[in-house]
Amino acid sequence: MKRLSKIFTNALSKSLGSLPDKGRLTPFIRQLILSYSLILVLMFVLGIGLYSFSITSVDDRFWGENQALLEQSVSSLDSSLSLMDTLCSQISRTATVHRLVSYQEYSPEFIYAAYQAQQDLTLFIPNEFILPIRSYFIYMPGTDYILSYSQFKSSETFYLHEEHMQEDKLDSWRSLLKGEYGFRKFHAACDYQVNPSRVLYYYVTDLSTYSLSGTRASICFSIDKDRFLELFRNISFYESGFLCAVDGDGEIAFTVNDNGRSLSADTFTSLDFQDRSTCSLRLDGQRMTVLSCAGTLNGLTYYLVLPTKAASGFLRNYQLIYGLMVFVALFAGLFLSLFFSQRNLRPVSLLNDQLMDMTQNNETLKETLDQQRPHLQNAYARRLMLGQIHSSDELDYVRSYLGFPEQDQRYYVLYMLIYENEYINAPEQESLFTASDQVDYEKIQEIFKAFLGEPLYIFSPEERAYAVLLHMPLGSDDPMEIQDKVLRLHNYLLENYSIWLYGGLGNGKTYLETIWRSYDQALEAINYTNKNYIFLPYQMIRKDSGSYYYPVDFQNRMVSCITSGADEQLTSLFEIIRQENLEYRSLPNNLMEYLLSDIRNTLFRARNLIRPNEQNTERLETIDALFGKKMSMQLMEDIAHSLCKLNLASSDESQLIKEIRKFIDEKFADPSLGLTRISDQFHISESYFSHLFKETYQQNFSNYLENVRMEEASRLIRETDISLNELYLAVGYNNANTFRRAFKKIFGITPSAMRENKPSKEA
């Protein structure tokens with residue numbers, strides 16, 4: 001350090017040689033140069049440390065991101081396998097299928113039973129679009145026949161002439177369908193194919209495990225290659241990487257992107273992860289890093305194998321630039337040290353002004369940060385609820401920034417949805433929606449604060465949906481208190497804005513890092529809310545049922561009620577669906593979504609039966625937009641009632657609007673004639689009447705009434721000698737100035753000018 005100081009001193013002495021009073025360097029200058037030398041050394045050390053930290057941080061982040069992608073892909077595959085189980089359960093409970101698989105020999109009765117079962121299987125066609133399969137079929141070993149919604153053939157004919165597979169593998173294929181190689185396993189399709197096809201694996205399940213007890217039958221799913229690989233599309237394998245799934249028997253279930261490697265399950269099952277998230281091994285002379293994830297179904301464990309060098313590849317292109325920047329900064333620092341040392345010999349009279357400027361800038365920055373603090377707090381709360389905070393240091397910072405105590409707290413997530421109540425004929429109220437039909441976020445946030453308390457940590461995951469992070473001290477954390485607040489908030493919104501609010505509450509968490517689970521639970525609980533249960537805690541959801549109640553005759557009956565306009569019967573149908581699925585059962589989230597999807601498909605059928613015309617186009621567009629919103633039981637019922645009312649209104653609206661127009665033509669001279677008078681007279685809401693009138697006559701009600709009054713005023717001027725002071729009263733106006741403005745707008749001249757231009761009786 002002294003040597004470096006001496007170099008600076010000599011360089012500075014030479015740079016000061018031209019000054020009149022160069023003399024000896026004062027102790028102040030020596031201290032100044034020593035300080036700059038220390039800064040340079042610190043810059044160099046910090047640069048090296050920052051580079052080392054960046055390498056470690058990128059490595060941890062890289063493997064953490066790949067672990068998250070692996071878990072996401074495994075979750076998608078588990079969801080698909082769960083849906084396949086649900087489909088098998090539904091098929092097994094179909095009476096025609098149950099009767100068909102009981103036959104043990106080919107007969108005319110067997111053919112007829114197959115025809116009936118095939119008709120029922122067509123109801124499950126939509127399932128193929130949400131599963132990673134190409135097709136599926138039922139194999140009946142008693143008769144050795146194959147049945148699907150489009151095929152009914154012997155296994156040999158199906159195998160050779162439909163699938164075009166290897167003839168010598170027919171018996172092995174039959175054994176696979178009988179489960180001799182194991183049920184619920186992935187069997188490679190290439191072992192039987194003559195030419196490669198889109199079928200990647202066969203996945204066989206035993207129907208007797210569902211409800212067909214004592215009857216031998218199985219369902220075989222042909223796993224589509226493209227759809228199956230689409231489940232792992234988010235994972236990048238970096239050329240030599242691959243994915244391997246090992247089942248509970250210690251055998252390889254399937255691989256992805258293995259590039260023809262010869263792999264052994266022991267290679268992966270022998271790895272010891274302990275508390276580490278990764279393990280290392282060598283394959284084909286290359287160092288690889290292994291990530292693991294256990295699936296929730298079939299006992300599968302997934303191993304993602306990636307080249308270790310892939311993590312450092314992110315920085316490889318920047319290492320040279322980074323090193324160059326360090327050395328440039330070092331030499332620039334040397335130059336600046338000399339330059340500023342020379343300049344600092346001059347008086348520092350401006351230092352105070354600069355300090356004042358800095359103080360003012362700091363105050364301005366602090367004000368800006370205070371203004372942005374609520375937005376930053378909501379952003380941190382959003383990351384907490386979505387589980388995007390992983391390190392303990394970041395969690396401690398967020399807890400401190402949000403002002404949460406470190407201990408003795410319980411955290412909840414409240415998930416809320418709001419809907420406009422379209423079935424209440426309420427007077428004009430203040431709206432929470434902008435001209436573009438978007439929620440006024442600032443206004444709704446202020447309302448939430450008034451009922452849920454401050455500070456309010458909230459974010460909106462989608463339009464009209466809000467997630468709120470709540471916390472209470474241990475011992476006083478009563479969910480009923482939250483329920484009371486939500487109910488008061490709901491009543492306030494319904495009374496003042498005609499808005500329904502539904503709330504789902506996740507279970508309380510004592511650790512802030514697990515609050516994402518409460519968010520997921522609240523999101524699940526919101527699916528079970530309805531007009532009878534607008535608030536539902538997750539802990540009150542019963543989870544003792546594995547299937548939902550929505551028989552085929554309900555679908556046809558719902559379509560019939562909608563097309564016939566039977567609104568009361570439609571309400572009864574939904575009450576039964578609620579009782580069966582929400583009161584008598586407690587469906588898991590995936591089955592609830594499956595039920596809502598089936599109801600939506602039924603409503604699509606009913607919607608497609610309505611032909612658009614000039615009168616219903618706008619309303620159909622509004623209904624179609626509802627199909628794109630987040631599914632809930634209440635939304636499905638609202639759509640059903642809207643379709644029902646549209647069918648009913650198509651026959652009644654025409655006669656109603658004619659009667660209203662006749663009433664206007666007769667009562668136009670009444671000054672009280674307006675939307676309120678017509679609404680009371682015909683028992684129709686003002687907004688609906690305005691919409692219906694404009695849809696029928698292509699003009700607003702107010703414009704039509706004004707034209708009728710002006711035509712009568714023109715007739716009175718031309719055909720009578722009525723006084724102009726009495727004219728505006730005769731046609732329904734209370735104010736003469738308002739009448740004159742409207743008259744001139746319609747005819748371009750004033751009433752007095754029209755009277756002056758009126759032809760004389762003699763003429």
# chains A, B, ... in the order shown; residues from 1 in each chain; ligands from 1
call {"tool": "residues_around", "arguments": {"residues": "Glu406 (chain A)", "least_positions_apart": "2", "cutoff": "12 Å", "atoms": "only C-alpha atoms", "output": "compact mmCIF listing (two decimals) with N, CA, C and O atoms, in the first residue's frame"}}
result
# COMPACT_ATOMS: atom_id res chain seq x y z
N LEU A 395 -37.01 -13.29 2.53
CA LEU A 395 -38.23 -13.40 3.32
C LEU A 395 -38.18 -12.46 4.53
O LEU A 395 -39.16 -11.79 4.86
N ASP A 396 -37.01 -12.40 5.21
CA ASP A 396 -36.88 -11.49 6.36
C ASP A 396 -37.03 -10.05 5.93
O ASP A 396 -37.64 -9.24 6.64
N TYR A 397 -36.48 -9.71 4.77
CA TYR A 397 -36.61 -8.33 4.29
C TYR A 397 -38.07 -8.00 3.99
O TYR A 397 -38.56 -6.93 4.35
N VAL A 398 -38.76 -8.93 3.33
CA VAL A 398 -40.16 -8.69 2.99
C VAL A 398 -41.00 -8.57 4.25
O VAL A 398 -41.87 -7.70 4.36
N ARG A 399 -40.75 -9.44 5.25
CA ARG A 399 -41.50 -9.36 6.50
C ARG A 399 -41.28 -8.00 7.17
O ARG A 399 -42.22 -7.38 7.66
N SER A 400 -40.04 -7.54 7.16
CA SER A 400 -39.74 -6.25 7.77
C SER A 400 -40.38 -5.11 6.97
O SER A 400 -40.92 -4.17 7.55
N TYR A 401 -40.33 -5.22 5.63
CA TYR A 401 -40.87 -4.14 4.79
C TYR A 401 -42.39 -4.05 4.93
O TYR A 401 -42.96 -2.95 4.92
N LEU A 402 -43.05 -5.20 5.09
CA LEU A 402 -44.50 -5.20 5.25
C LEU A 402 -44.93 -4.91 6.68
O LEU A 402 -46.12 -4.72 6.94
N GLY A 403 -43.98 -4.92 7.63
CA GLY A 403 -44.30 -4.60 9.01
C GLY A 403 -44.91 -5.74 9.79
O GLY A 403 -45.63 -5.51 10.77
N PHE A 404 -44.64 -7.00 9.37
CA PHE A 404 -45.16 -8.15 10.09
C PHE A 404 -44.25 -8.48 11.28
O PHE A 404 -43.03 -8.52 11.12
N ASP A 408 -45.56 -15.25 16.63
CA ASP A 408 -46.91 -15.19 17.22
C ASP A 408 -47.91 -14.54 16.28
O ASP A 408 -48.72 -13.71 16.67
N GLN A 409 -47.84 -14.91 15.00
CA GLN A 409 -48.79 -14.40 14.03
C GLN A 409 -49.36 -15.58 13.23
O GLN A 409 -48.71 -16.60 13.04
N ARG A 410 -50.59 -15.41 12.77
CA ARG A 410 -51.19 -16.37 11.86
C ARG A 410 -51.64 -15.62 10.60
O ARG A 410 -52.26 -14.57 10.69
N TYR A 411 -51.30 -16.20 9.45
CA TYR A 411 -51.54 -15.54 8.18
C TYR A 411 -52.62 -16.28 7.39
O TYR A 411 -52.65 -17.52 7.37
N HIS A 471 -53.35 -10.95 8.40
CA HIS A 471 -52.60 -11.52 9.51
C HIS A 471 -53.23 -11.10 10.82
O HIS A 471 -53.77 -9.99 10.96
N PRO A 473 -52.80 -11.82 15.36
CA PRO A 473 -52.00 -12.39 16.44
C PRO A 473 -52.54 -13.76 16.84
O PRO A 473 -53.76 -13.99 16.81
N THR A 510 -48.85 -20.28 10.29
CA THR A 510 -48.03 -19.57 11.27
C THR A 510 -46.69 -19.16 10.69
O THR A 510 -45.99 -18.34 11.29
N TYR A 511 -46.31 -19.72 9.56
CA TYR A 511 -45.04 -19.39 8.92
C TYR A 511 -45.33 -18.67 7.61
O TYR A 511 -46.04 -19.18 6.74
N LEU A 512 -44.74 -17.51 7.47
CA LEU A 512 -45.02 -16.68 6.31
C LEU A 512 -44.56 -17.34 5.02
O LEU A 512 -45.15 -17.11 3.96
N GLU A 513 -43.52 -18.18 5.09
CA GLU A 513 -43.02 -18.79 3.87
C GLU A 513 -43.98 -19.83 3.30
O GLU A 513 -43.82 -20.25 2.14
call {"tool": "residues_around", "arguments": {"residues": "Trp516 (chain A)", "least_positions_apart": "2", "cutoff": "12 Å", "atoms": "only C-alpha atoms", "output": "JSON, numbers by chain"}}
result
{"A": [381, 382, 383, 384, 385, 386, 387, 388, 389, 390, 411, 412, 413, 414, 467, 468, 469, 506, 507, 508, 509, 511, 512, 513, 514, 518, 519, 520, 521, 522, 523]}
call {"tool": "write_last_selection", "arguments": {"atoms": "N, CA and C atoms", "output": "JSON list (two decimals), in the first residue's frame"}}
result
[["chain", "number", "residue", "atom", "x", "y", "z"],
["A", 381, "ALA", "N", -46.41, -8.75, -1.40],
["A", 381, "ALA", "CA", -47.48, -9.66, -0.96],
["A", 381, "ALA", "C", -47.86, -10.63, -2.06],
["A", 382, "ARG", "N", -47.88, -10.14, -3.28],
["A", 382, "ARG", "CA", -48.19, -11.02, -4.42],
["A", 382, "ARG", "C", -47.16, -12.12, -4.55],
["A", 383, "ARG", "N", -45.88, -11.77, -4.41],
["A", 383, "ARG", "CA", -44.83, -12.78, -4.50],
["A", 383, "ARG", "C", -44.93, -13.79, -3.36],
["A", 384, "LEU", "N", -45.30, -13.33, -2.17],
["A", 384, "LEU", "CA", -45.48, -14.25, -1.06],
["A", 384, "LEU", "C", -46.61, -15.24, -1.35],
["A", 385, "MET", "N", -47.74, -14.73, -1.83],
["A", 385, "MET", "CA", -48.90, -15.59, -2.06],
["A", 385, "MET", "C", -48.68, -16.56, -3.21],
["A", 386, "LEU", "N", -47.87, -16.18, -4.17],
["A", 386, "LEU", "CA", -47.59, -17.05, -5.31],
["A", 386, "LEU", "C", -46.38, -17.94, -5.06],
["A", 387, "GLY", "N", -45.77, -17.84, -3.87],
["A", 387, "GLY", "CA", -44.64, -18.70, -3.54],
["A", 387, "GLY", "C", -43.39, -18.39, -4.33],
["A", 388, "GLN", "N", -43.15, -17.11, -4.64],
["A", 388, "GLN", "CA", -42.02, -16.73, -5.46],
["A", 388, "GLN", "C", -40.84, -16.21, -4.64],
["A", 389, "ILE", "N", -40.90, -16.30, -3.33],
["A", 389, "ILE", "CA", -39.79, -15.90, -2.46],
["A", 389, "ILE", "C", -39.19, -17.16, -1.86],
["A", 390, "HIS", "N", -37.90, -17.38, -2.13],
["A", 390, "HIS", "CA", -37.28, -18.65, -1.77],
["A", 390, "HIS", "C", -36.22, -18.51, -0.68],
["A", 411, "TYR", "N", -51.30, -16.20, 9.45],
["A", 411, "TYR", "CA", -51.54, -15.54, 8.18],
["A", 411, "TYR", "C", -52.62, -16.28, 7.39],
["A", 412, "TYR", "N", -53.49, -15.50, 6.74],
["A", 412, "TYR", "CA", -54.56, -16.06, 5.92],
["A", 412, "TYR", "C", -54.53, -15.39, 4.55],
["A", 413, "VAL", "N", -55.04, -16.10, 3.55],
["A", 413, "VAL", "CA", -55.27, -15.51, 2.22],
["A", 413, "VAL", "C", -56.76, -15.58, 1.93],
["A", 414, "LEU", "N", -57.33, -14.45, 1.60],
["A", 414, "LEU", "CA", -58.73, -14.33, 1.23],
["A", 414, "LEU", "C", -58.82, -14.07, -0.26],
["A", 467, "ALA", "N", -56.92, -11.15, -4.42],
["A", 467, "ALA", "CA", -56.33, -11.95, -3.35],
["A", 467, "ALA", "C", -55.78, -11.00, -2.30],
["A", 468, "VAL", "N", -56.18, -11.22, -1.03],
["A", 468, "VAL", "CA", -55.81, -10.33, 0.07],
["A", 468, "VAL", "C", -55.04, -11.15, 1.12],
["A", 469, "LEU", "N", -53.91, -10.62, 1.56],
["A", 469, "LEU", "CA", -53.10, -11.24, 2.61],
["A", 469, "LEU", "C", -53.47, -10.62, 3.95],
["A", 506, "GLY", "N", -58.33, -19.47, 2.72],
["A", 506, "GLY", "CA", -57.40, -20.56, 2.96],
["A", 506, "GLY", "C", -57.15, -20.76, 4.46],
["A", 507, "ASN", "N", -56.58, -21.89, 4.79],
["A", 507, "ASN", "CA", -56.26, -22.17, 6.19],
["A", 507, "ASN", "C", -55.17, -21.22, 6.70],
["A", 508, "GLY", "N", -55.21, -20.95, 8.00],
["A", 508, "GLY", "CA", -54.21, -20.07, 8.58],
["A", 508, "GLY", "C", -52.84, -20.73, 8.65],
["A", 509, "LYS", "N", -51.80, -19.93, 8.43],
["A", 509, "LYS", "CA", -50.42, -20.41, 8.45],
["A", 509, "LYS", "C", -49.63, -19.58, 9.47],
["A", 511, "TYR", "N", -46.31, -19.72, 9.56],
["A", 511, "TYR", "CA", -45.04, -19.39, 8.92],
["A", 511, "TYR", "C", -45.33, -18.67, 7.61],
["A", 512, "LEU", "N", -44.74, -17.51, 7.47],
["A", 512, "LEU", "CA", -45.02, -16.68, 6.31],
["A", 512, "LEU", "C", -44.56, -17.34, 5.02],
["A", 513, "GLU", "N", -43.52, -18.18, 5.09],
["A", 513, "GLU", "CA", -43.02, -18.79, 3.87],
["A", 513, "GLU", "C", -43.98, -19.83, 3.30],
["A", 514, "THR", "N", -44.97, -20.28, 4.07],
["A", 514, "THR", "CA", -45.94, -21.25, 3.57],
["A", 514, "THR", "C", -47.28, -20.61, 3.22],
["A", 518, "SER", "N", -51.94, -21.32, 1.60],
["A", 518, "SER", "CA", -53.23, -20.71, 1.94],
["A", 518, "SER", "C", -53.86, -20.07, 0.71],
["A", 519, "TYR", "N", -53.02, -19.49, -0.15],
["A", 519, "TYR", "CA", -53.53, -18.90, -1.41],
["A", 519, "TYR", "C", -54.15, -19.99, -2.29],
["A", 520, "ASP", "N", -53.46, -21.13, -2.43],
["A", 520, "ASP", "CA", -54.00, -22.22, -3.24],
["A", 520, "ASP", "C", -55.31, -22.73, -2.65],
["A", 521, "GLN", "N", -55.38, -22.82, -1.32],
["A", 521, "GLN", "CA", -56.60, -23.30, -0.68],
["A", 521, "GLN", "C", -57.75, -22.30, -0.88],
["A", 522, "ALA", "N", -57.44, -21.02, -0.77],
["A", 522, "ALA", "CA", -58.48, -20.01, -1.00],
["A", 522, "ALA", "C", -58.98, -20.07, -2.43],
["A", 523, "LEU", "N", -58.07, -20.28, -3.38],
["A", 523, "LEU", "CA", -58.45, -20.38, -4.79],
["A", 523, "LEU", "C", -59.33, -21.60, -5.01]]
call {"tool": "residues_around", "arguments": {"residues": "region 123-133 of chain A", "least_positions_apart": "3", "cutoff": "7 Å", "atoms": "only C-alpha atoms", "output": "list in words"}}
result
Ser80, Asp120, Phe221, Ser222, Ile223, Asp224, Arg227 and Phe228 of chain A
call {"tool": "write_last_selection", "arguments": {"atoms": "C-alpha atoms", "output": "compact mmCIF listing (two decimals), in the first residue's frame"}}
result
# COMPACT_ATOMS: atom_id res chain seq x y z
CA SER A 80 -53.41 -35.92 -16.70
CA ASP A 120 -72.69 -43.85 -24.50
CA PHE A 221 -54.87 -45.35 -23.57
CA SER A 222 -52.70 -44.69 -26.63
CA ILE A 223 -50.37 -41.94 -25.44
CA ASP A 224 -49.85 -39.37 -28.19
CA ARG A 227 -49.08 -34.25 -26.53
CA PHE A 228 -47.00 -36.27 -24.10
call {"tool": "closest_residue", "arguments": {"among": "A:Asp665, A:Asp393, A:Asp60, A:Glu719", "to": "Tyr704 (chain A)", "atoms": "only C-alpha atoms"}}
result
A:Asp665
call {"tool": "residues_around", "arguments": {"residues": "Ala265 (chain A)", "least_positions_apart": "5", "cutoff": "10 Å", "atoms": "only C-alpha atoms", "output": "PyMOL selection string"}}
result
chain A and resi 244-247+249-253+270
call {"tool": "write_last_selection", "arguments": {"atoms": "N, CA and C atoms", "output": "PDB file, in the first residue's frame"}}
result
ATOM      1  N   CYS A 244     -35.745 -39.142 -16.971  1.00  0.00           N
ATOM      2  CA  CYS A 244     -35.978 -40.568 -16.752  1.00  0.00           C
ATOM      3  C   CYS A 244     -36.940 -40.722 -15.581  1.00  0.00           C
ATOM      4  N   ALA A 245     -37.987 -41.555 -15.788  1.00  0.00           N
ATOM      5  CA  ALA A 245     -38.966 -41.839 -14.734  1.00  0.00           C
ATOM      6  C   ALA A 245     -38.791 -43.280 -14.294  1.00  0.00           C
ATOM      7  N   VAL A 246     -38.654 -43.488 -12.983  1.00  0.00           N
ATOM      8  CA  VAL A 246     -38.462 -44.820 -12.408  1.00  0.00           C
ATOM      9  C   VAL A 246     -39.675 -45.145 -11.541  1.00  0.00           C
ATOM     10  N   ASP A 247     -40.258 -46.354 -11.740  1.00  0.00           N
ATOM     11  CA  ASP A 247     -41.449 -46.718 -10.987  1.00  0.00           C
ATOM     12  C   ASP A 247     -41.078 -47.324  -9.636  1.00  0.00           C
ATOM     13  N   ASP A 249     -41.201 -50.325  -8.650  1.00  0.00           N
ATOM     14  CA  ASP A 249     -40.526 -51.622  -8.729  1.00  0.00           C
ATOM     15  C   ASP A 249     -39.061 -51.482  -9.104  1.00  0.00           C
ATOM     16  N   GLY A 250     -38.566 -50.269  -9.202  1.00  0.00           N
ATOM     17  CA  GLY A 250     -37.168 -50.056  -9.558  1.00  0.00           C
ATOM     18  C   GLY A 250     -36.887 -50.272 -11.027  1.00  0.00           C
ATOM     19  N   GLU A 251     -37.921 -50.057 -11.878  1.00  0.00           N
ATOM     20  CA  GLU A 251     -37.743 -50.186 -13.315  1.00  0.00           C
ATOM     21  C   GLU A 251     -37.987 -48.834 -13.977  1.00  0.00           C
ATOM     22  N   ILE A 252     -37.336 -48.634 -15.120  1.00  0.00           N
ATOM     23  CA  ILE A 252     -37.523 -47.392 -15.872  1.00  0.00           C
ATOM     24  C   ILE A 252     -38.898 -47.408 -16.525  1.00  0.00           C
ATOM     25  N   ALA A 253     -39.738 -46.426 -16.166  1.00  0.00           N
ATOM     26  CA  ALA A 253     -41.085 -46.341 -16.721  1.00  0.00           C
ATOM     27  C   ALA A 253     -41.063 -45.737 -18.117  1.00  0.00           C
ATOM     28  N   SER A 270     -29.632 -45.361  -6.826  1.00  0.00           N
ATOM     29  CA  SER A 270     -28.500 -45.421  -5.898  1.00  0.00           C
ATOM     30  C   SER A 270     -27.975 -44.050  -5.504  1.00  0.00           C
TER      31      SER A 270
END
call {"tool": "closest_residue", "arguments": {"among": "A:Asp638, A:Glu420, A:Glu583, A:Asp226", "to": "Thr571 (chain A)", "atoms": "only C-alpha atoms"}}
result
A:Asp638
call {"tool": "residues_around", "arguments": {"residues": "Ser690 (chain A)", "least_positions_apart": "5", "cutoff": "9 Å", "atoms": "only C-alpha atoms", "output": "ChimeraX atom specification"}}
result
/A:675,685,695,700-701
call {"tool": "residues_around", "arguments": {"residues": "Gly565 (chain A)", "least_positions_apart": "3", "cutoff": "6 Å", "atoms": "only C-alpha atoms", "output": "PyMOL selection string"}}
result
chain A and resi 561-562+644+647-648
call {"tool": "atom_distance", "arguments": {"atom1": "CA of Pro455 (chain A)", "atom2": "CA of Lys485 (chain A)"}}
result
15.2 Å
call {"tool": "closest_residue", "arguments": {"among": "A:Val708, A:Val199, A:Ala310, A:Ala525", "to": "Ala742 (chain A)", "atoms": "only C-alpha atoms"}}
result
A:Val708
call {"tool": "select_by_dssp", "arguments": {"residues": "region 361-555 of chain A", "states": "strand (DSSP E)", "output": "VMD selection string"}}
result
chain A and resid 409 to 420 457 to 462 465 to 473 499 to 505 535 to 537
